[in-house]
Amino acid sequence: MWVNMKDSILSALVSIVGEDYASNRPEELYLYSRDSGVREPRRADYVVMPKTVEEVQKIVRLANEEKISITPMGAGLTLSALTVPVRGGIVLDTKRMDEIIEVNETSRYAVVEAGVTQASLAAYLNSNYPHLQHSTPEAPPTATIVGNILIQGHGHLTPRYGVNSQMVNGMEVVLPTGETCKLGSGAVSQYWFSRDPLPDLMGLFLGWLGTTGVVTKLSIQLFPKMNFKELLIFATDNIDLIPELLSGMAQLNLMENCFIISQEKPEWAQRVFFVIPVSGHSEEELEFKLELHKQFLLKHESEIELVEEEPALTPLRNRFLDVPPFAATAADFRKGGGFGYSGIILPVEKVPEAWRKAIEIARKHEMPYSFGHQLLSNGHSVMFGPVYSFNRADAADMERARQALDDTNRLGLELGGIVWKPELQAQKLILENMDPNTLELMKRIKKVLDPNGIMNPGNWEVV
Ligand SMILES: Cc1cc2nc3c(=O)[nH]c(=O)nc-3n(C[C@H](O)[C@H](O)[C@H](O)COP(=O)(O)OP(=O)(O)OC[C@H]3O[C@@H](n4cnc5c(N)ncnc54)[C@H](O)[C@@H]3O)c2cc1C
């Protein structure tokens, strides 16, 4: 990278990481000043790519001395601009911290550095521990394990085992004041095998959007990979039946994953499709699980249809069986490559109302609706995901998508849901709806951890 040595902050960053890994060059900052979602760009002043924990500590200490903000970044793929600095400053890109430190085969966990990607952990497990897997989001393969967990993301094992942040055994963190700190069993033991029974300090970092420290290592649980898999697909036209079907099937506790999809175009896709990968260690186990589902579905025989031979769905079958299961095929109706989705975490019983109102939102903004919802945490909630595609070259079209996303976020909160990976406007809405004492607690925690307010300021702004 080219560096302007007249800049003292840049010189200090260069002295920490070397010339190749710090920059304030406009063409590099251009990339760090925006993401691929629909939100407006914001200025980044520097980008730095540390390799070691000690380098992260030095950068954090420098930021405190200079009172300059740090925005931690994995792959920057949330689509809600969470790694685009709100107050300028340094983007701390973790891509070079890419070591898979340990896999414990028997207690089933992997310890990874902050920049390890979904694809690199999956490939490593495939080559070395093919009977193990981690819960993989549908996000692009460059998404990091740590970034996904810190936003409490969802993977293909979430319907069965919980959201990905529930699968964390422990972390190493550089606090906003520069000290390192271990959380979970790794704080006491050489094994990163458990989050309990210690006081659970993980909550000081999960969901905080990089405002309370830089996570440098993390231990994530692994799960058995089944050899036999099949898709169960069925459709209904009765939206009001969705909660009963979801709740009933979740209680069977046999699904590996569970999507509910529907879209306005083509016409055949307007039905409510349940797409359920089921897996087993043996063919007999798989058959048995499929049979139990079918017996459950018999109760609703008059209103559902098993989709076994639908030719239009055939190309999708393999994609749903893949891990990651379904690389966003959100129909590119607008022909411009842009796409965004809200992700509202909803109580299961609110899905029909959300469904109808989200169609109204799409109509209001002259967009065909497109839904990709996922059952979460063994059926205790749903990630309700209306998708809006837009033409990146058309400013009016982008504005329409922005407004549709804002309306969807408002709808989610009105229905008693929570906006997931919220961008700034949605964060503000959440804080406005929050119990004042909870807000006060967040404010105190932030002040104690980050007295100079250097960590990703502007996000979760409770001061
Ligand atoms: C096509 C598509 C499909 C998607 N599907 C899914 C899906 O199925 N499930 C899902 O969960 N998500 C999905 N996403 C959303 C998102 O891409 C993923 O959650 C992704 O894993 C986020 O990881 P990241 O590395 O991009 O995080 P980033 O965007 O880099 O970071 C996320 C947040 O964590 C903070 N952060 C990052 N690293 C650190 C660190 N080391 N220390 C402290 N803070 C840090 C950042 O400041 C930011 O606030 C999808 C996105 C796209 C584009």
# chains A, B, ... in the order shown; residues from 1 in each chain; ligands from 1
>>> residues_near_ligand(ligand="ligand 1", cutoff="6 Å", atoms="only C-alpha atoms and all ligand atoms", output="PyMOL selection string")
chain A and resi 71-78+82-83+114+137-140+143-144+146-148+150-151+153-155+209-210+213-216+328
>>> select_by_dssp(residues="range 52-181 of chain A", states="helix (DSSP H, G or I)", output="ChimeraX atom specification")
/A:53-66,118-128,145-150,158-161,164-167
>>> write_last_selection(atoms="C-alpha atoms", output="PDB file, in the first residue's frame")
ATOM      1  CA  VAL A  53      -3.080  -9.661  19.222  1.00  0.00           C
ATOM      2  CA  GLU A  54      -0.179  -7.428  20.318  1.00  0.00           C
ATOM      3  CA  GLU A  55      -0.654  -5.315  17.184  1.00  0.00           C
ATOM      4  CA  VAL A  56      -4.372  -4.987  17.953  1.00  0.00           C
ATOM      5  CA  GLN A  57      -3.482  -3.844  21.483  1.00  0.00           C
ATOM      6  CA  LYS A  58      -1.068  -1.220  20.164  1.00  0.00           C
ATOM      7  CA  ILE A  59      -3.658   0.100  17.696  1.00  0.00           C
ATOM      8  CA  VAL A  60      -6.274   0.336  20.451  1.00  0.00           C
ATOM      9  CA  ARG A  61      -3.832   2.184  22.733  1.00  0.00           C
ATOM     10  CA  LEU A  62      -2.945   4.577  19.922  1.00  0.00           C
ATOM     11  CA  ALA A  63      -6.647   5.259  19.328  1.00  0.00           C
ATOM     12  CA  ASN A  64      -7.096   6.123  23.020  1.00  0.00           C
ATOM     13  CA  GLU A  65      -4.123   8.489  22.985  1.00  0.00           C
ATOM     14  CA  GLU A  66      -5.266  10.196  19.806  1.00  0.00           C
ATOM     15  CA  GLN A 118     -16.784 -19.497   6.984  1.00  0.00           C
ATOM     16  CA  ALA A 119     -15.250 -21.140   3.924  1.00  0.00           C
ATOM     17  CA  SER A 120     -11.819 -21.694   5.465  1.00  0.00           C
ATOM     18  CA  LEU A 121     -13.195 -23.385   8.594  1.00  0.00           C
ATOM     19  CA  ALA A 122     -15.556 -25.518   6.489  1.00  0.00           C
ATOM     20  CA  ALA A 123     -12.720 -26.532   4.142  1.00  0.00           C
ATOM     21  CA  TYR A 124     -10.405 -27.323   7.055  1.00  0.00           C
ATOM     22  CA  LEU A 125     -13.025 -29.495   8.737  1.00  0.00           C
ATOM     23  CA  ASN A 126     -13.849 -31.219   5.444  1.00  0.00           C
ATOM     24  CA  SER A 127     -10.201 -32.167   4.939  1.00  0.00           C
ATOM     25  CA  ASN A 128      -9.309 -33.066   8.517  1.00  0.00           C
ATOM     26  CA  ILE A 145     -16.988 -16.753  11.944  1.00  0.00           C
ATOM     27  CA  VAL A 146     -16.410 -13.979  14.508  1.00  0.00           C
ATOM     28  CA  GLY A 147     -18.345 -11.244  12.635  1.00  0.00           C
ATOM     29  CA  ASN A 148     -21.290 -13.600  12.207  1.00  0.00           C
ATOM     30  CA  ILE A 149     -21.330 -14.603  15.850  1.00  0.00           C
ATOM     31  CA  LEU A 150     -20.972 -11.036  17.101  1.00  0.00           C
ATOM     32  CA  THR A 158     -29.722 -22.904  13.963  1.00  0.00           C
ATOM     33  CA  PRO A 159     -33.262 -24.339  13.778  1.00  0.00           C
ATOM     34  CA  ARG A 160     -31.978 -27.364  15.713  1.00  0.00           C
ATOM     35  CA  TYR A 161     -29.267 -26.006  18.034  1.00  0.00           C
ATOM     36  CA  ASN A 164     -24.754 -19.135  16.235  1.00  0.00           C
ATOM     37  CA  SER A 165     -23.868 -16.934  19.218  1.00  0.00           C
ATOM     38  CA  GLN A 166     -25.284 -19.635  21.495  1.00  0.00           C
ATOM     39  CA  MET A 167     -22.586 -21.946  20.146  1.00  0.00           C
TER      40      MET A 167
END
>>> closest_residue(among="A:Glu360, A:Asp200, A:Glu305, A:Glu264", to="Ile233 in chain A", atoms="only C-alpha atoms")
A:Glu305
>>> residues_around(residues="Pro352 in chain A", least_positions_apart="2", cutoff="12 Å", atoms="only C-alpha atoms", output="list in words")
Asp237, Asn238, Ile239, Asp240, Leu241, Ile242, Pro243, Glu244, Leu246, Ile260, Val272, Leu346, Pro347, Val348, Glu349, Lys350, Ala354, Trp355, Arg356, Lys357, Ala358, Ile359, Val382, Phe384 and Leu415 of chain A
>>> residues_around(residues="Phe274 in chain A", least_positions_apart="2", cutoff="8 Å", atoms="only C-alpha atoms", output="MDAnalysis selection string")
chainID A and resid 232:235 258:261 272 276
>>> write_last_selection(atoms="C-alpha atoms", output="PDB file, in the first residue's frame")
ATOM      1  CA  LEU A 232     -38.877 -32.353   2.537  1.00  0.00           C
ATOM      2  CA  ILE A 233     -40.775 -29.696   0.607  1.00  0.00           C
ATOM      3  CA  PHE A 234     -44.419 -28.919   0.994  1.00  0.00           C
ATOM      4  CA  ALA A 235     -46.664 -26.000   0.122  1.00  0.00           C
ATOM      5  CA  CYS A 258     -36.181 -25.057   8.061  1.00  0.00           C
ATOM      6  CA  PHE A 259     -36.947 -22.320   5.521  1.00  0.00           C
ATOM      7  CA  ILE A 260     -40.239 -20.756   4.636  1.00  0.00           C
ATOM      8  CA  ILE A 261     -40.067 -19.099   1.240  1.00  0.00           C
ATOM      9  CA  VAL A 272     -45.987 -20.711   1.072  1.00  0.00           C
ATOM     10  CA  ILE A 276     -36.797 -28.688   5.272  1.00  0.00           C
TER      11      ILE A 276
END
>>> select_by_dssp(residues="range 116-224 of chain A", states="strand (DSSP E)", output="PyMOL selection string")
chain A and resi 132-133+168-174+180-184+214-221+223-224
>>> atom_distance(atom1="CA of Leu92 in chain A", atom2="CA of Pro50 in chain A")
7.5 Å
>>> atom_distance(atom1="CA of Tyr46 in chain A", atom2="CA of Gly88 in chain A")
8.4 Å
>>> residues_around(residues="Arg43 in chain A", least_positions_apart="3", cutoff="9 Å", atoms="only C-alpha atoms", output="JSON, numbers by chain")
{"A": [29, 30, 32, 33, 34, 84, 85, 86, 87, 88, 89]}
>>> atom_distance(atom1="CA of Leu441 in chain A", atom2="CA of Pro457 in chain A")
17.3 Å
>>> closest_residue(among="A:Thr117, A:Asn253, A:Ser370, A:Gln190", to="Leu290 in chain A", atoms="only C-alpha atoms")
A:Asn253
>>> closest_residue(among="A:Leu201, A:Leu297, A:Leu218, A:Ala393", to="Val112 in chain A", atoms="only C-alpha atoms")
A:Leu218
>>> residues_around(residues="range 425-440 of chain A", least_positions_apart="3", cutoff="9 Å", atoms="only C-alpha atoms", output="PyMOL selection string")
chain A and resi 406+409-410+413+418-419+421-422+443-445+459-463
